[in-house]
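Shown next: final-v3.cif, given as mmCIF, C-alpha atoms and all ligand atoms.
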data_entry
loop_
_atom_site.label_atom_id
_atom_site.label_comp_id
_atom_site.auth_asym_id
_atom_site.auth_seq_id
_atom_site.Cartn_x
_atom_site.Cartn_y
_atom_site.Cartn_z
CA MET A 1 9.75 -2.72 19.67
CA ILE A 2 8.52 -2.94 16.07
CA PRO A 3 10.14 0.10 14.45
CA PHE A 4 8.02 2.36 12.27
CA LEU A 5 10.56 2.06 9.46
CA ASP A 6 13.83 0.07 9.44
CA ILE A 7 15.82 1.74 6.66
CA LYS A 8 18.97 -0.21 7.50
CA ALA A 9 17.08 -3.48 6.92
CA ILE A 10 15.68 -2.16 3.63
CA ASN A 11 19.21 -1.47 2.36
CA GLU A 12 20.86 -4.58 3.81
CA PRO A 13 20.26 -6.84 0.77
CA PHE A 14 22.13 -4.30 -1.39
CA GLU A 15 25.12 -3.66 0.88
CA ILE A 16 27.61 -5.85 -1.00
CA ALA A 17 26.58 -4.36 -4.33
CA PHE A 18 26.90 -0.85 -2.81
CA GLN A 19 30.43 -1.63 -1.60
CA GLU A 20 31.49 -3.00 -4.98
CA LYS A 21 30.02 0.08 -6.66
CA LEU A 22 31.93 2.35 -4.28
CA LYS A 23 35.17 0.58 -5.21
CA ASP A 24 34.49 1.13 -8.94
CA PHE A 25 33.48 4.71 -8.21
CA LEU A 26 36.80 5.44 -6.46
CA ALA A 27 38.64 3.92 -9.41
CA THR A 28 36.95 6.23 -11.93
CA GLY A 29 37.91 9.48 -10.18
CA TRP A 30 34.79 11.11 -11.70
CA TYR A 31 32.45 12.35 -8.98
CA ILE A 32 29.90 14.76 -10.51
CA LEU A 33 27.48 14.22 -13.44
CA GLY A 34 29.11 11.11 -14.81
CA ASP A 35 27.96 7.88 -16.43
CA GLU A 36 25.95 6.74 -13.36
CA VAL A 37 23.69 9.82 -13.40
CA LYS A 38 23.30 9.49 -17.18
CA ALA A 39 22.39 5.79 -16.93
CA PHE A 40 20.02 6.34 -14.02
CA GLU A 41 18.22 9.09 -15.93
CA VAL A 42 17.68 6.73 -18.88
CA GLU A 43 16.59 3.85 -16.63
CA PHE A 44 14.25 5.88 -14.42
CA ALA A 45 12.60 7.59 -17.43
CA ALA A 46 11.96 4.13 -18.89
CA TYR A 47 10.66 2.87 -15.54
CA CYS A 48 8.23 5.81 -15.44
CA GLU A 49 7.21 5.08 -19.06
CA SER A 50 8.37 8.58 -19.90
CA THR A 51 10.89 10.07 -22.34
CA TYR A 52 13.14 12.23 -20.16
CA CYS A 53 14.43 12.19 -16.61
CA VAL A 54 16.65 14.85 -15.05
CA GLY A 55 18.39 14.00 -11.79
CA VAL A 56 18.46 16.84 -9.25
CA GLY A 57 19.60 17.37 -5.67
CA ASN A 58 16.37 16.49 -3.81
CA GLY A 59 12.58 16.42 -4.09
CA LEU A 60 12.06 20.04 -3.07
CA ASP A 61 14.51 21.24 -5.73
CA ALA A 62 12.74 19.04 -8.29
CA ILE A 63 9.59 21.13 -7.72
CA ILE A 64 11.40 24.50 -7.60
CA LEU A 65 13.43 23.78 -10.75
CA THR A 66 10.35 22.58 -12.69
CA PHE A 67 8.47 25.80 -11.97
CA LYS A 68 11.58 27.97 -12.49
CA ALA A 69 12.07 26.26 -15.86
CA TYR A 70 8.48 27.06 -16.84
CA ILE A 71 9.21 30.71 -15.97
CA GLU A 72 12.39 30.69 -18.11
CA MET A 73 10.40 29.09 -20.94
CA GLY A 74 7.80 31.86 -20.74
CA TYR A 75 4.93 29.58 -19.71
CA LEU A 76 4.68 31.09 -16.22
CA GLN A 77 5.38 34.49 -14.71
CA GLU A 78 6.30 35.35 -11.15
CA GLY A 79 3.11 35.91 -9.16
CA ASP A 80 1.07 33.35 -11.11
CA GLU A 81 -1.16 31.16 -8.98
CA ILE A 82 -0.62 27.42 -8.65
CA ILE A 83 -3.30 25.13 -7.18
CA VAL A 84 -1.88 22.76 -4.54
CA PRO A 85 -3.45 20.54 -1.86
CA ALA A 86 -3.74 22.12 1.61
CA ASN A 87 -3.22 18.60 2.97
CA THR A 88 0.35 17.80 1.96
CA TYR A 89 3.89 17.82 3.24
CA ILE A 90 5.03 21.47 3.31
CA ALA A 91 7.67 20.82 0.60
CA SER A 92 4.97 20.88 -2.11
CA ILE A 93 3.99 24.40 -1.07
CA LEU A 94 7.57 25.60 -0.53
CA GLY A 95 8.49 24.43 -4.04
CA ILE A 96 5.89 26.82 -5.48
CA LEU A 97 6.83 29.71 -3.16
CA HIS A 98 10.57 29.43 -3.81
CA ALA A 99 9.90 29.61 -7.57
CA GLY A 100 8.27 33.02 -7.00
CA LEU A 101 4.74 31.70 -7.59
CA VAL A 102 1.65 31.84 -5.38
CA PRO A 103 0.33 28.57 -3.87
CA VAL A 104 -3.48 28.44 -3.70
CA LEU A 105 -4.45 25.76 -1.20
CA VAL A 106 -7.37 23.40 -1.82
CA GLU A 107 -9.11 21.10 0.67
CA PRO A 108 -8.80 17.28 0.40
CA ASN A 109 -11.37 14.52 0.18
CA ILE A 110 -11.72 13.30 3.79
CA ASN A 111 -11.73 9.66 2.65
CA THR A 112 -8.65 9.59 0.41
CA TYR A 113 -6.72 12.55 1.94
CA ASN A 114 -5.88 13.62 -1.63
CA ILE A 115 -6.98 16.91 -3.21
CA ASN A 116 -10.74 17.11 -3.84
CA PRO A 117 -11.24 17.92 -7.55
CA LYS A 118 -14.68 19.35 -6.76
CA ALA A 119 -13.03 22.00 -4.59
CA ILE A 120 -10.53 23.06 -7.27
CA GLU A 121 -12.62 25.09 -9.71
CA GLU A 122 -13.90 27.61 -7.14
CA LYS A 123 -10.25 28.51 -6.46
CA ILE A 124 -9.37 29.18 -10.11
CA THR A 125 -8.88 32.85 -11.02
CA ALA A 126 -7.50 34.69 -14.05
CA LYS A 127 -4.04 34.31 -12.46
CA THR A 128 -4.22 30.52 -12.07
CA LYS A 129 -1.69 28.96 -14.44
CA GLY A 130 -0.94 25.53 -13.01
CA MET A 131 -1.55 22.78 -10.50
CA LEU A 132 0.87 20.78 -8.35
CA ILE A 133 -0.93 17.52 -7.55
CA VAL A 134 0.36 15.33 -4.72
CA HIS A 135 -0.24 11.57 -4.55
CA LEU A 136 -0.33 11.61 -0.78
CA TYR A 137 0.82 8.52 1.12
CA GLY A 138 1.31 6.80 -2.28
CA GLN A 139 -2.29 6.88 -3.55
CA LEU A 140 -2.95 8.25 -7.02
CA ALA A 141 -4.95 11.49 -6.88
CA PRO A 142 -8.12 11.50 -9.07
CA MET A 143 -6.15 12.45 -12.18
CA ASP A 144 -8.92 12.03 -14.77
CA GLU A 145 -11.05 14.73 -13.15
CA ILE A 146 -7.97 16.87 -12.46
CA MET A 147 -6.73 16.64 -16.07
CA GLU A 148 -10.17 17.65 -17.32
CA ILE A 149 -10.12 20.80 -15.17
CA GLY A 150 -6.56 21.43 -16.35
CA TYR A 151 -7.47 21.21 -20.04
CA LYS A 152 -10.57 23.38 -19.53
CA HIS A 153 -8.55 26.20 -17.93
CA ASN A 154 -5.33 25.63 -19.89
CA LEU A 155 -3.22 24.87 -16.81
CA LEU A 156 0.20 23.25 -16.46
CA ILE A 157 -0.16 20.05 -14.45
CA VAL A 158 2.82 18.92 -12.38
CA GLU A 159 2.68 15.88 -10.09
CA ASP A 160 4.58 15.81 -6.81
CA ALA A 161 5.27 12.07 -6.90
CA ALA A 162 7.72 12.11 -3.96
CA GLN A 163 5.57 9.48 -2.19
CA ALA A 164 4.50 7.59 -5.31
CA HIS A 165 7.42 5.81 -7.04
CA GLY A 166 5.88 3.03 -9.10
CA LEU A 167 2.47 4.60 -9.72
CA GLN A 168 1.98 4.80 -13.44
CA PHE A 169 0.08 7.77 -14.78
CA LYS A 170 0.48 9.40 -18.17
CA GLY A 171 -0.80 12.80 -19.16
CA SER A 172 0.63 15.39 -16.80
CA HIS A 173 3.35 17.77 -17.98
CA ALA A 174 5.96 16.73 -15.42
CA ARG A 175 6.42 14.51 -12.36
CA THR A 176 8.80 15.34 -9.53
CA PHE A 177 10.41 12.71 -7.30
CA SER A 178 12.42 12.55 -4.08
CA PHE A 179 14.88 9.77 -3.26
CA TYR A 180 15.13 10.71 0.42
CA PRO A 181 16.12 7.48 2.27
CA GLY A 182 12.63 6.80 3.66
CA LYS A 183 10.80 7.04 0.32
CA ASN A 184 9.71 3.92 -1.62
CA LEU A 185 12.86 4.36 -3.74
CA GLY A 186 15.45 5.91 -1.44
CA CYS A 187 19.16 6.53 -1.82
CA LEU A 188 21.79 6.84 0.95
CA GLY A 189 21.50 10.59 1.22
CA ASP A 190 19.57 13.23 -0.70
CA GLY A 191 18.41 12.86 -4.29
CA GLY A 192 15.58 13.82 -6.61
CA ALA A 193 14.44 13.85 -10.22
CA VAL A 194 11.97 15.32 -12.68
CA VAL A 195 10.37 13.08 -15.31
CA THR A 196 8.68 14.52 -18.40
CA ASN A 197 7.96 13.96 -22.09
CA ASP A 198 8.80 17.61 -22.82
CA GLU A 199 12.35 17.86 -24.23
CA LYS A 200 12.57 21.64 -23.79
CA LEU A 201 11.49 21.37 -20.15
CA ALA A 202 14.01 18.59 -19.47
CA LYS A 203 16.85 20.60 -21.06
CA THR A 204 15.92 23.76 -19.16
CA ILE A 205 15.76 21.94 -15.82
CA LYS A 206 19.08 20.21 -16.52
CA SER A 207 20.68 23.56 -17.26
CA LEU A 208 19.10 25.34 -14.26
CA SER A 209 20.30 22.55 -11.97
CA ASN A 210 23.88 23.07 -13.15
CA TYR A 211 24.45 26.84 -12.87
CA GLY A 212 22.19 27.57 -15.85
CA SER A 213 24.86 26.14 -18.07
CA GLN A 214 24.60 23.62 -20.91
CA GLN A 215 28.15 24.14 -22.07
CA LYS A 216 30.80 24.50 -19.37
CA TYR A 217 31.44 28.17 -18.43
CA TYR A 218 28.62 29.46 -20.66
CA ASN A 219 25.64 30.47 -18.50
CA ASP A 220 22.24 30.88 -20.18
CA TYR A 221 20.20 31.28 -16.98
CA LEU A 222 20.72 32.46 -13.41
CA GLY A 223 21.01 28.85 -12.33
CA PHE A 224 21.41 26.77 -9.20
CA ASN A 225 23.63 23.95 -8.04
CA SER A 226 21.25 21.05 -7.54
CA ARG A 227 22.59 17.95 -9.25
CA LEU A 228 21.82 14.32 -8.48
CA ASP A 229 24.98 13.05 -6.82
CA GLU A 230 26.92 10.55 -8.96
CA LEU A 231 27.33 8.04 -6.12
CA GLN A 232 23.65 8.28 -5.13
CA ALA A 233 22.72 7.65 -8.77
CA ALA A 234 24.90 4.52 -8.69
CA PHE A 235 23.12 3.30 -5.53
CA LEU A 236 19.70 4.08 -7.04
CA ARG A 237 20.56 2.01 -10.13
CA ILE A 238 21.19 -0.97 -7.86
CA LYS A 239 17.84 -0.53 -6.08
CA LEU A 240 15.55 0.43 -8.99
CA PRO A 241 15.16 -3.11 -10.43
CA HIS A 242 13.75 -4.22 -7.03
CA LEU A 243 11.24 -1.39 -6.60
CA ASN A 244 8.24 -3.22 -8.06
CA ALA A 245 8.80 -6.27 -5.83
CA GLU A 246 9.17 -3.99 -2.79
CA ASN A 247 5.95 -2.14 -3.67
CA ASP A 248 4.20 -5.51 -4.02
CA LYS A 249 5.30 -6.41 -0.49
CA ARG A 250 3.85 -3.12 0.78
CA ARG A 251 0.58 -3.92 -1.02
CA ILE A 252 0.39 -7.39 0.58
CA ILE A 253 0.85 -5.85 4.05
CA ALA A 254 -1.77 -3.18 3.27
CA LYS A 255 -4.21 -5.85 2.15
CA ARG A 256 -3.82 -7.64 5.48
CA TYR A 257 -4.23 -4.40 7.48
CA LEU A 258 -7.34 -3.53 5.44
CA SER A 259 -9.04 -6.89 5.81
CA GLU A 260 -7.93 -7.90 9.32
CA ILE A 261 -8.05 -4.67 11.37
CA LYS A 262 -11.56 -4.64 12.78
CA ASN A 263 -12.17 -1.91 15.34
CA ASP A 264 -14.99 0.65 15.29
CA LYS A 265 -12.69 3.29 16.77
CA ILE A 266 -10.31 3.09 13.80
CA ILE A 267 -10.96 4.46 10.31
CA LEU A 268 -8.94 2.56 7.71
CA PRO A 269 -7.60 4.24 4.56
CA PHE A 270 -10.04 4.27 1.68
CA GLN A 271 -8.73 2.99 -1.64
CA GLU A 272 -10.51 4.65 -4.55
CA GLY A 273 -9.58 2.04 -7.13
CA SER A 274 -7.44 -1.05 -7.42
CA ASP A 275 -3.78 -0.85 -8.40
CA ASN A 276 -3.64 2.89 -7.65
CA HIS A 277 -1.65 2.79 -4.42
CA VAL A 278 2.01 2.05 -3.58
CA PHE A 279 1.45 2.47 0.19
CA HIS A 280 4.37 4.77 0.96
CA LEU A 281 2.47 5.12 4.24
CA PHE A 282 -0.45 3.24 5.79
CA VAL A 283 -2.39 5.92 7.57
CA ILE A 284 -5.33 5.26 9.90
CA ARG A 285 -7.51 7.85 11.56
CA THR A 286 -9.10 8.07 14.99
CA PRO A 287 -10.45 11.00 17.05
CA LYS A 288 -8.28 10.00 20.06
CA ARG A 289 -5.09 9.77 18.02
CA ASP A 290 -2.57 10.56 20.76
CA GLU A 291 -4.18 8.02 23.09
CA LEU A 292 -3.99 5.31 20.41
CA GLN A 293 -0.36 6.18 19.66
CA GLN A 294 0.47 5.87 23.37
CA TYR A 295 -1.36 2.51 23.59
CA LEU A 296 0.54 1.15 20.57
CA SER A 297 3.84 2.36 21.99
CA GLU A 298 3.10 0.60 25.30
CA ASN A 299 2.53 -2.56 23.24
CA GLY A 300 5.84 -2.33 21.39
CA ILE A 301 4.63 -0.68 18.18
CA GLN A 302 6.26 2.52 16.95
CA THR A 303 4.05 4.83 14.88
CA MET A 304 4.48 8.27 13.33
CA ILE A 305 2.22 11.21 12.48
CA HIS A 306 2.15 12.45 8.88
CA TYR A 307 1.74 15.26 9.60
CA PRO A 308 1.14 16.84 13.04
CA ILE A 309 0.74 20.48 11.89
CA ALA A 310 -0.98 21.55 8.66
CA PRO A 311 1.21 23.68 6.35
CA HIS A 312 -1.10 26.73 6.62
CA LYS A 313 -0.72 26.57 10.44
CA GLN A 314 3.09 26.46 10.41
CA LYS A 315 5.01 29.37 11.94
CA ALA A 316 6.80 29.83 8.60
CA MET A 317 3.51 30.32 6.72
CA LYS A 318 2.31 33.51 8.45
CA ASP A 319 0.49 34.80 5.36
CA TYR A 320 -1.78 31.73 5.45
CA HIS A 321 -2.66 31.73 9.19
CA HIS A 322 -5.96 33.56 8.64
CA LEU A 323 -7.21 30.87 6.22
CA SER A 324 -9.39 28.01 7.38
CA PHE A 325 -9.19 24.45 6.01
CA PRO A 326 -11.34 22.42 8.41
CA ILE A 327 -10.95 19.06 6.63
CA THR A 328 -7.17 19.46 6.43
CA GLU A 329 -7.06 20.45 10.10
CA GLN A 330 -9.18 17.47 11.14
CA ILE A 331 -6.89 15.10 9.21
CA HIS A 332 -3.82 16.57 10.92
CA ARG A 333 -5.49 16.03 14.34
CA GLU A 334 -6.56 12.43 13.68
CA VAL A 335 -4.06 10.58 11.47
CA LEU A 336 -1.57 7.97 12.60
CA SER A 337 0.86 6.02 10.37
CA LEU A 338 1.33 2.32 11.13
CA PRO A 339 4.62 0.52 10.44
CA MET A 340 4.82 -0.05 6.67
CA SER A 341 7.75 -1.17 4.54
CA SER A 342 8.95 -3.98 2.33
CA VAL A 343 10.89 -5.52 5.27
CA LEU A 344 8.07 -5.60 7.82
CA LYS A 345 7.70 -9.28 8.82
CA GLU A 346 4.50 -11.33 8.70
CA GLY A 347 4.62 -11.96 12.44
CA GLU A 348 5.02 -8.25 13.10
CA VAL A 349 1.97 -7.46 10.96
CA THR A 350 0.00 -10.13 12.84
CA HIS A 351 1.03 -8.58 16.18
CA ILE A 352 0.10 -5.05 15.07
CA ILE A 353 -3.34 -6.23 13.89
CA LYS A 354 -3.94 -8.15 17.14
CA ILE A 355 -3.01 -5.17 19.32
CA LEU A 356 -5.17 -2.78 17.25
CA ASN A 357 -8.18 -5.11 17.41
CA ALA A 358 -7.81 -5.28 21.21
CA TYR A 359 -7.81 -1.48 21.58
C1 LIG A 401 9.62 14.03 0.71
C2 LIG A 401 8.69 14.94 0.00
C3 LIG A 401 9.15 16.05 -0.72
C4 LIG A 401 10.56 16.58 -0.63
O1 LIG A 401 11.57 15.70 -0.89
P1 LIG A 401 13.06 16.00 -0.36
O2 LIG A 401 13.90 15.08 -1.13
O3 LIG A 401 13.05 15.75 1.11
O4 LIG A 401 13.37 17.43 -0.67
C5 LIG A 401 8.25 16.76 -1.47
N1 LIG A 401 6.95 16.44 -1.51
C6 LIG A 401 6.46 15.40 -0.79
C7 LIG A 401 5.00 15.08 -0.89
C8 LIG A 401 7.31 14.62 -0.02
O5 LIG A 401 6.81 13.60 0.69
#
Can I see the file as structure tokens?
Amino acid sequence: MIPFLDIKAINEPFEIAFQEKLKDFLATGWYILGDEVKAFEVEFAAYCESTYCVGVGNGLDAIILTFKAYIEMGYLQEGDEIIVPANTYIASILGILHAGLVPVLVEPNINTYNINPKAIEEKITAKTKGMLIVHLYGQLAPMDEIMEIGYKHNLLIVEDAAQAHGLQFKGSHARTFSFYPGKNLGCLGDGGAVVTNDEKLAKTIKSLSNYGSQQKYYNDYLGFNSRLDELQAAFLRIKLPHLNAENDKRRIIAKRYLSEIKNDKIILPFQEGSDNHVFHLFVIRTPKRDELQQYLSENGIQTMIHYPIAPHKQKAMKDYHHLSFPITEQIHREVLSLPMSSVLKEGEVTHIIKILNAY
């Protein structure tokens, strides 16, 4: 069986370095917010060509804390509306809700699966104060058009870059990341970060993530406990220098899939530009999705569905059940994710292409 994603194999080249780091870590006796988190924050900000990075507990908290910080800073008020793609992982929407804001869902472009900028403006009201833009599956959303709409309506623009480590885009107010093990840059547990050029935002998020405190036992805000773990930061520092090479391997595999899969029943992902995709996932589409998944499984290929149920159809999202997002719903019915990672072997890619072309 070709696994959908072999995380153990991805981490194997780093195992000795991880073990040495663990030994040093035990010797320091300092387990929370130490030198590793500090160094990772500096290194990841530089990697993102940005000024500040704040490590936090996970990708969902990165979104919540960013919006909570904007509330503390007086830029947002509870009840303000935030534009967000209807076609995303539910975490994007939960991040807005848990900050006390109102997610306003917008349909995607059927070809790219990312938010359709032409569908944004009709959703903007007097209460709209920001946008959370997702680079779904690792493809950059159409940021030029999005930024223009943002400037025109004076909106805060936050990117949910949980699937897009390595995409370089400058201009938004903040970018949130997840280091969940399966992401392009994953740690050995939970982790997340916010990257920004805004010093006040970075300081407020840092404080909110640590009990609302900048100085120990002095609490400026009603804060949270959502810190990037010191050991996870140490592991991430070992992996970060290899991220570009790993993303390049994903791109090489994607290029083969795109040029060698030839089957009228299968719709390949559409790339809007060049160099705008880090292929967190390689997602194909077909009307008989479940049948194709079964066929691939019978031929030794494990696939996944990202995602089977649209956020507005989830049991947890009762207030959104009456809304209709036909393009989002169609995508959720038809998508299938092929194996994709930096450790997928050439022969495995060849086999997957051969089996798909014979379907
Ligand atoms: C993974 C993911 C998140 C949440 O990250 P966690 O670290 O699991 O909390 C948020 N948004 C998107 C688009 C994601 O893929």
Would you list the residues that come within 9 Å of ligand LIG 401 (chain A)? Count only C-alpha atoms and all ligand atoms and give the answer as JSON, numbers by chain. {"A": [57, 58, 59, 60, 61, 62, 63, 88, 89, 90, 91, 92, 93, 94, 95, 134, 135, 136, 137, 160, 161, 162, 163, 164, 176, 177, 178, 179, 180, 181, 182, 183, 190, 191, 192]}
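Distances here use all atoms listed in the file; by that measure, the residue among A:Glu199, A:Asp144, A:Asp220, A:Glu49 closest to Leu167 in chain A is A:Glu49.
Minimum atom-to-atom distance to Ala245 in chain A, evaluated using all atoms listed in the file, belongs to A:Asn184 out of A:Asn276, A:Gln294, A:Asn263, A:Asn184.
In this comparison, which uses only C-alpha atoms, the residue of A:Val106, A:Val278, A:Met143, A:Ala46 approaching Asn244 in chain A most closely is A:Val278.
You can rank A:Leu231, A:Val84, A:Ala141, A:Ile266 by their closest distance to Trp30 in chain A using only C-alpha atoms, and at the top of that list sits A:Leu231.
For the set A:His306, A:Gly347, A:Met340, A:Ala9, the residue with the smallest atom-to-atom gap to Tyr113 in chain A is A:His306, counting all atoms listed in the file.
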Any idea what's packed within 10 Å of His312 in chain A, counting only C-alpha atoms, ignoring anything in its chain fewer than 2 positions away? Could you give it as a ChimeraX atom specification? /A:86-87,90,93,105,309-310,314-325,328-329
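Distances from A:Pro339, A:Gly74, A:Pro308, A:Gly34 to Gly55 in chain A were compared using all atoms listed in the file, and the smallest one belongs to A:Gly34.
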If we count only C-alpha atoms, what is near Lys255 in chain A at a cut-off of 12 Å, once residues fewer than 3 positions away on the same chain are taken out, given as a PDB file with C-alpha atoms, in the coordinates of the input?
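Output file around_37.pdb is given in full below:
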ATOM      1  CA  ASP A 248       4.200  -5.510  -4.020  1.00  0.00           C
ATOM      2  CA  LYS A 249       5.300  -6.410  -0.490  1.00  0.00           C
ATOM      3  CA  ARG A 250       3.850  -3.120   0.780  1.00  0.00           C
ATOM      4  CA  ARG A 251       0.580  -3.920  -1.020  1.00  0.00           C
ATOM      5  CA  ILE A 252       0.390  -7.390   0.580  1.00  0.00           C
ATOM      6  CA  LEU A 258      -7.340  -3.530   5.440  1.00  0.00           C
ATOM      7  CA  SER A 259      -9.040  -6.890   5.810  1.00  0.00           C
ATOM      8  CA  GLU A 260      -7.930  -7.900   9.320  1.00  0.00           C
ATOM      9  CA  ILE A 261      -8.050  -4.670  11.370  1.00  0.00           C
ATOM     10  CA  LEU A 268      -8.940   2.560   7.710  1.00  0.00           C
ATOM     11  CA  PRO A 269      -7.600   4.240   4.560  1.00  0.00           C
ATOM     12  CA  PHE A 270     -10.040   4.270   1.680  1.00  0.00           C
ATOM     13  CA  GLN A 271      -8.730   2.990  -1.640  1.00  0.00           C
ATOM     14  CA  SER A 274      -7.440  -1.050  -7.420  1.00  0.00           C
ATOM     15  CA  ASP A 275      -3.780  -0.850  -8.400  1.00  0.00           C
ATOM     16  CA  HIS A 277      -1.650   2.790  -4.420  1.00  0.00           C
ATOM     17  CA  VAL A 278       2.010   2.050  -3.580  1.00  0.00           C
ATOM     18  CA  PHE A 279       1.450   2.470   0.190  1.00  0.00           C
ATOM     19  CA  PHE A 282      -0.450   3.240   5.790  1.00  0.00           C
ATOM     20  CA  MET A 340       4.820  -0.050   6.670  1.00  0.00           C
ATOM     21  CA  VAL A 349       1.970  -7.460  10.960  1.00  0.00           C
ATOM     22  CA  ILE A 353      -3.340  -6.230  13.890  1.00  0.00           C
TER      23      ILE A 353
END
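For the atom pair formed by CA of Ile96 in chain A and CA of Leu156 in chain A, the distance is 12.9 Å, given to one decimal.
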Output, as JSON, the centre and edge lengths in Å (one decimal) of the axis-aligned box that contains all listed atoms of range 156-169 of chain A with 5 Å of margin on each side.
{"center_x": 3.8, "center_y": 13.1, "center_z": -9.3, "size_x": 17.9, "size_y": 30.2, "size_z": 24.3}
Please reconstruct the missing atoms of range 139-154 of chain A (target: N, CA, C and O atoms) and return them as an mmCIF file, keeping the file's coordinate frame.
data_model
loop_
_atom_site.group_PDB
_atom_site.id
_atom_site.type_symbol
_atom_site.label_atom_id
_atom_site.label_comp_id
_atom_site.auth_asym_id
_atom_site.auth_seq_id
_atom_site.Cartn_x
_atom_site.Cartn_y
_atom_site.Cartn_z
ATOM 1 N N GLN A 139 -1.056 7.164 -2.795
ATOM 2 C CA GLN A 139 -2.290 6.880 -3.550
ATOM 3 C C GLN A 139 -2.473 7.905 -4.668
ATOM 4 O O GLN A 139 -2.401 9.113 -4.432
ATOM 5 N N LEU A 140 -2.745 7.384 -5.868
ATOM 6 C CA LEU A 140 -2.950 8.250 -7.020
ATOM 7 C C LEU A 140 -4.118 9.213 -6.758
ATOM 8 O O LEU A 140 -5.202 8.779 -6.361
ATOM 9 N N ALA A 141 -3.874 10.494 -6.973
ATOM 10 C CA ALA A 141 -4.950 11.490 -6.880
ATOM 11 C C ALA A 141 -5.906 11.246 -8.058
ATOM 12 O O ALA A 141 -5.538 10.600 -9.035
ATOM 13 N N PRO A 142 -7.138 11.757 -7.986
ATOM 14 C CA PRO A 142 -8.120 11.500 -9.070
ATOM 15 C C PRO A 142 -7.744 12.269 -10.334
ATOM 16 O O PRO A 142 -8.306 13.326 -10.636
ATOM 17 N N MET A 143 -6.773 11.717 -11.079
ATOM 18 C CA MET A 143 -6.150 12.450 -12.180
ATOM 19 C C MET A 143 -7.085 12.708 -13.363
ATOM 20 O O MET A 143 -6.932 13.707 -14.051
ATOM 21 N N ASP A 144 -8.036 11.802 -13.621
ATOM 22 C CA ASP A 144 -8.920 12.030 -14.770
ATOM 23 C C ASP A 144 -9.692 13.334 -14.598
ATOM 24 O O ASP A 144 -9.726 14.177 -15.505
ATOM 25 N N GLU A 145 -10.295 13.494 -13.420
ATOM 26 C CA GLU A 145 -11.050 14.730 -13.150
ATOM 27 C C GLU A 145 -10.120 15.949 -13.138
ATOM 28 O O GLU A 145 -10.461 17.021 -13.641
ATOM 29 N N ILE A 146 -8.928 15.764 -12.561
ATOM 30 C CA ILE A 146 -7.970 16.870 -12.460
ATOM 31 C C ILE A 146 -7.497 17.300 -13.841
ATOM 32 O O ILE A 146 -7.423 18.497 -14.148
ATOM 33 N N MET A 147 -7.204 16.323 -14.710
ATOM 34 C CA MET A 147 -6.730 16.640 -16.070
ATOM 35 C C MET A 147 -7.817 17.395 -16.857
ATOM 36 O O MET A 147 -7.516 18.306 -17.617
ATOM 37 N N GLU A 148 -9.069 16.989 -16.619
ATOM 38 C CA GLU A 148 -10.170 17.650 -17.320
ATOM 39 C C GLU A 148 -10.243 19.136 -16.930
ATOM 40 O O GLU A 148 -10.389 20.003 -17.801
ATOM 41 N N ILE A 149 -10.112 19.408 -15.641
ATOM 42 C CA ILE A 149 -10.120 20.800 -15.170
ATOM 43 C C ILE A 149 -8.908 21.535 -15.750
ATOM 44 O O ILE A 149 -9.010 22.678 -16.185
ATOM 45 N N GLY A 150 -7.776 20.840 -15.801
ATOM 46 C CA GLY A 150 -6.560 21.430 -16.350
ATOM 47 C C GLY A 150 -6.706 21.826 -17.807
ATOM 48 O O GLY A 150 -6.322 22.929 -18.206
ATOM 49 N N TYR A 151 -7.274 20.910 -18.610
ATOM 50 C CA TYR A 151 -7.470 21.210 -20.040
ATOM 51 C C TYR A 151 -8.419 22.390 -20.205
ATOM 52 O O TYR A 151 -8.168 23.302 -20.998
ATOM 53 N N LYS A 152 -9.518 22.358 -19.414
ATOM 54 C CA LYS A 152 -10.570 23.380 -19.530
ATOM 55 C C LYS A 152 -9.996 24.782 -19.269
ATOM 56 O O LYS A 152 -10.369 25.739 -19.942
ATOM 57 N N HIS A 153 -9.082 24.883 -18.310
ATOM 58 C CA HIS A 153 -8.550 26.200 -17.930
ATOM 59 C C HIS A 153 -7.129 26.409 -18.431
ATOM 60 O O HIS A 153 -6.463 27.365 -18.020
ATOM 61 N N ASN A 154 -6.656 25.495 -19.288
ATOM 62 C CA ASN A 154 -5.330 25.630 -19.890
ATOM 63 C C ASN A 154 -4.215 25.752 -18.844
ATOM 64 O O ASN A 154 -3.403 26.688 -18.886
#
